[in-house]
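Student: Could you have a look at this structure, given as structure tokens, before my questions?
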Amino acid sequence: ELDGKRMVGDIFQSLMTLPNASDDEATEEEKLRQFDSIETDACRDARDLLVKAPCPEFVRCFLDDPDFEHNDFSQRGEYSSVSTFRTHEYSWEDHGYSLLSRLYPDIGTLLDQKFSIVESLTYHEIADKQGVDTSPFRQAVWNYIHCIKGIFHDDYMYSDVNTFLQRDFKTYIKAVTCYPERVTLTSFKKALDGFKPSERVHINLLLLEARFQAELLYALRALNRYITLRSS
């Protein structure tokens, strides 16, 4: 069972020891293997632990497909026809931002600022600990959500995800990201018990913005392919 206060203590200890690691020496193949392992583990998180509630009738009348829901990118031992989305081939910074700015002036800058603010926001604190660089934890949350969505960052060590995110906490992350209608106030309080109220808000903002960026990347890449084919 998740102990929020103990989890925050473990995160703090990891933040204090992580700089001593030599993960930069890992090859891209090793990073991809870690990504695949975390991705397939994510398929087991949340879905088996959350009870699907029936969609209320007053909501169903506004939906074309009330049964539509998140499908896991891949399953352990199963072949996926969808290839891994690699950010060195298409990323927000190098591709999505410029395309969106060209099609809809100023919106690219506004979204980029929104992503940057949510990612970099920090008081250099975690719970009652001060003077802490929490960026590795924030990056682990962001990249774990991208991993759930099948997006691979070739410059990131995915072993850090398991370092900072315990399984029960990852279950909460996936629930918010993929099944938000099933998240209860009890699960919210339980998963984030050790964090201050402002940190709870920030964590959920990270979840929402990372999901939004991931889905936006797929849309912009598809649009870019369409524009390229039409102009060729």
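Ordered as shown in the structure tokens, chains take letters A, B, and onward, while each chain numbers its residues from 1 and ligands are numbered from 1 in the order shown.
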Applying 6 Å and only C-alpha atoms, which residues near stretch 191-203 of chain A remain after dropping the ones on its own chain fewer than 4 positions away? List them as a PyMOL selection string.
Tutor: chain A and resi 4-5+8+127+187
Student: Could you write out, as a tab-separated table (two decimals) with N, CA and C atoms, in the first residue's frame, all the residues of stretch 3-217 of chain A that DSSP marks as strand (DSSP E or B)?
Tutor:
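Writing done, so here's selection24.tsv:
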```
chain	number	residue	atom	x	y	z
A	85	PHE	N	7.42	6.33	-31.24
A	85	PHE	CA	7.58	7.73	-31.63
A	85	PHE	C	8.90	8.21	-31.04
A	86	ARG	N	9.87	8.53	-31.89
A	86	ARG	CA	11.20	8.95	-31.43
A	86	ARG	C	11.34	10.46	-31.54
A	125	GLU	N	12.11	22.94	-3.27
A	125	GLU	CA	11.67	22.27	-2.05
A	125	GLU	C	10.90	21.01	-2.43
A	126	ILE	N	10.86	20.06	-1.50
A	126	ILE	CA	9.98	18.90	-1.62
A	126	ILE	C	9.55	18.53	-0.22
A	129	LYS	N	11.65	19.50	2.92
A	129	LYS	CA	13.07	19.59	2.56
A	129	LYS	C	13.30	20.81	1.67
A	130	GLN	N	14.31	21.59	1.98
A	130	GLN	CA	14.60	22.79	1.22
A	130	GLN	C	15.94	22.69	0.53
A	151	ILE	N	6.15	7.56	-26.67
A	151	ILE	CA	7.15	8.54	-27.14
A	151	ILE	C	8.47	8.29	-26.42
A	152	PHE	N	9.52	8.09	-27.21
A	152	PHE	CA	10.85	7.75	-26.70
A	152	PHE	C	11.80	8.94	-26.84
```
Student: Tell me which protein, DNA and RNA residues are within 12 Å of A:Leu32, counting only C-alpha atoms, leaving out same-chain ones fewer than 2 positions away, and put them as a ChimeraX atom specification.
Tutor: /A:26-30,34-39,84-86,147,150-159
Student: Just to be explicit: take each residue in the selection above, keep N, CA, C and O atoms, and write the result as a CSV table (one decimal), in the first residue's frame.
Tutor:
```csv
chain,number,residue,atom,x,y,z
A,26,ALA,N,25.5,5.1,-20.9
A,26,ALA,CA,24.5,4.1,-21.5
A,26,ALA,C,24.4,4.4,-23.0
A,26,ALA,O,24.3,5.5,-23.5
A,27,THR,N,24.2,3.3,-23.7
A,27,THR,CA,24.0,3.4,-25.2
A,27,THR,C,22.6,3.6,-25.5
A,27,THR,O,21.7,3.4,-24.6
A,28,GLU,N,22.3,4.0,-26.7
A,28,GLU,CA,20.9,4.2,-27.1
A,28,GLU,C,20.1,2.9,-27.0
A,28,GLU,O,18.9,2.9,-26.7
A,29,GLU,N,20.8,1.8,-27.3
A,29,GLU,CA,20.1,0.5,-27.3
A,29,GLU,C,19.7,0.2,-25.8
A,29,GLU,O,18.6,-0.4,-25.6
A,30,GLU,N,20.6,0.5,-24.9
A,30,GLU,CA,20.2,0.3,-23.5
A,30,GLU,C,19.1,1.1,-23.0
A,30,GLU,O,18.2,0.7,-22.3
A,34,GLN,N,15.4,-0.1,-21.7
A,34,GLN,CA,14.7,0.4,-20.5
A,34,GLN,C,13.3,1.0,-20.8
A,34,GLN,O,12.4,0.8,-20.1
A,35,PHE,N,13.3,1.7,-21.9
A,35,PHE,CA,12.0,2.3,-22.3
A,35,PHE,C,11.0,1.2,-22.6
A,35,PHE,O,9.8,1.3,-22.1
A,36,ASP,N,11.3,0.2,-23.3
A,36,ASP,CA,10.4,-0.9,-23.6
A,36,ASP,C,9.9,-1.6,-22.3
A,36,ASP,O,8.8,-2.0,-22.2
A,37,SER,N,10.9,-1.7,-21.4
A,37,SER,CA,10.5,-2.4,-20.1
A,37,SER,C,9.5,-1.6,-19.3
A,37,SER,O,8.5,-2.1,-18.8
A,38,ILE,N,9.8,-0.3,-19.2
A,38,ILE,CA,8.9,0.6,-18.5
A,38,ILE,C,7.5,0.7,-19.2
A,38,ILE,O,6.5,0.7,-18.5
A,39,GLU,N,7.6,0.8,-20.5
A,39,GLU,CA,6.4,0.9,-21.3
A,39,GLU,C,5.4,-0.3,-21.1
A,39,GLU,O,4.2,-0.1,-20.9
A,84,THR,N,7.4,3.0,-32.4
A,84,THR,CA,7.8,3.9,-31.3
A,84,THR,C,8.0,5.3,-31.9
A,84,THR,O,8.6,5.5,-32.9
A,85,PHE,N,7.4,6.3,-31.2
A,85,PHE,CA,7.6,7.7,-31.6
A,85,PHE,C,8.9,8.2,-31.0
A,85,PHE,O,9.0,8.3,-29.8
A,86,ARG,N,9.9,8.5,-31.9
A,86,ARG,CA,11.2,8.9,-31.4
A,86,ARG,C,11.3,10.5,-31.5
A,86,ARG,O,11.1,11.0,-32.6
A,147,CYS,N,6.2,8.1,-22.2
A,147,CYS,CA,6.4,6.7,-22.4
A,147,CYS,C,5.1,5.9,-22.5
A,147,CYS,O,4.9,5.0,-23.4
A,150,GLY,N,3.9,6.2,-25.8
A,150,GLY,CA,4.7,5.6,-26.9
A,150,GLY,C,5.8,6.5,-27.4
A,150,GLY,O,6.3,6.3,-28.5
A,151,ILE,N,6.1,7.6,-26.7
A,151,ILE,CA,7.1,8.5,-27.1
A,151,ILE,C,8.5,8.3,-26.4
A,151,ILE,O,8.5,8.3,-25.2
A,152,PHE,N,9.5,8.1,-27.2
A,152,PHE,CA,10.9,7.8,-26.7
A,152,PHE,C,11.8,8.9,-26.8
A,152,PHE,O,12.0,9.5,-27.9
A,153,HIS,N,12.4,9.3,-25.7
A,153,HIS,CA,13.4,10.4,-25.7
A,153,HIS,C,14.8,9.7,-25.7
A,153,HIS,O,15.2,9.1,-24.7
A,154,ASP,N,15.5,9.9,-26.7
A,154,ASP,CA,16.8,9.2,-26.8
A,154,ASP,C,17.9,9.8,-25.9
A,154,ASP,O,18.9,9.1,-25.7
A,155,ASP,N,17.7,10.9,-25.3
A,155,ASP,CA,18.6,11.5,-24.5
A,155,ASP,C,18.3,11.4,-23.0
A,155,ASP,O,18.8,12.0,-22.1
A,156,TYR,N,17.4,10.4,-22.7
A,156,TYR,CA,16.9,10.3,-21.3
A,156,TYR,C,17.2,8.8,-20.8
A,156,TYR,O,17.0,7.9,-21.6
A,157,MET,N,17.6,8.7,-19.6
A,157,MET,CA,17.9,7.4,-18.9
A,157,MET,C,16.6,7.0,-18.3
A,157,MET,O,16.2,7.5,-17.2
A,158,TYR,N,15.9,6.0,-18.8
A,158,TYR,CA,14.6,5.6,-18.3
A,158,TYR,C,14.7,4.8,-17.0
A,158,TYR,O,13.7,4.6,-16.3
A,159,SER,N,15.9,4.4,-16.6
A,159,SER,CA,16.1,3.8,-15.3
A,159,SER,C,15.7,4.8,-14.2
A,159,SER,O,15.3,4.5,-13.1
```
Student: Quick one: of A:Ile11, A:Leu165, A:Ile107, A:Val132, who's nearest to A:Tyr144, counting only C-alpha atoms?
Tutor: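 Closest to A:Tyr144 of all the choices is A:Leu165.
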Student: Of the candidates A:Leu223, A:Ile145, A:Leu185, A:Ala175, which one gets nearest to A:Arg211 if we count only C-alpha atoms?
Tutor: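 Between A:Leu223, A:Ile145, A:Leu185, A:Ala175, the residue approaching A:Arg211 most closely is A:Ile145.
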Student: Please measure the separation of atom CA of A:Thr186 and atom CA of A:Gln13, giving the value in Å to one decimal.
Tutor: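 Here the two named atoms are 26.6 Å from each other.
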Student: When you count only C-alpha atoms, which of these residues is closest to A:Pro136: A:Tyr90, A:Phe115, A:Tyr226, A:Phe164?
Tutor: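 Checking each of A:Tyr90, A:Phe115, A:Tyr226, A:Phe164 against A:Pro136, counting only C-alpha atoms, the winner is A:Phe164.
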Student: Select, from A:Lys114, A:Lys31, A:Arg225, A:Lys190, the residue with the minimum atom-to-atom distance to A:Leu208, counting only C-alpha atoms.
Tutor: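 Using only C-alpha atoms, A:Leu208 sits closest to A:Lys114.
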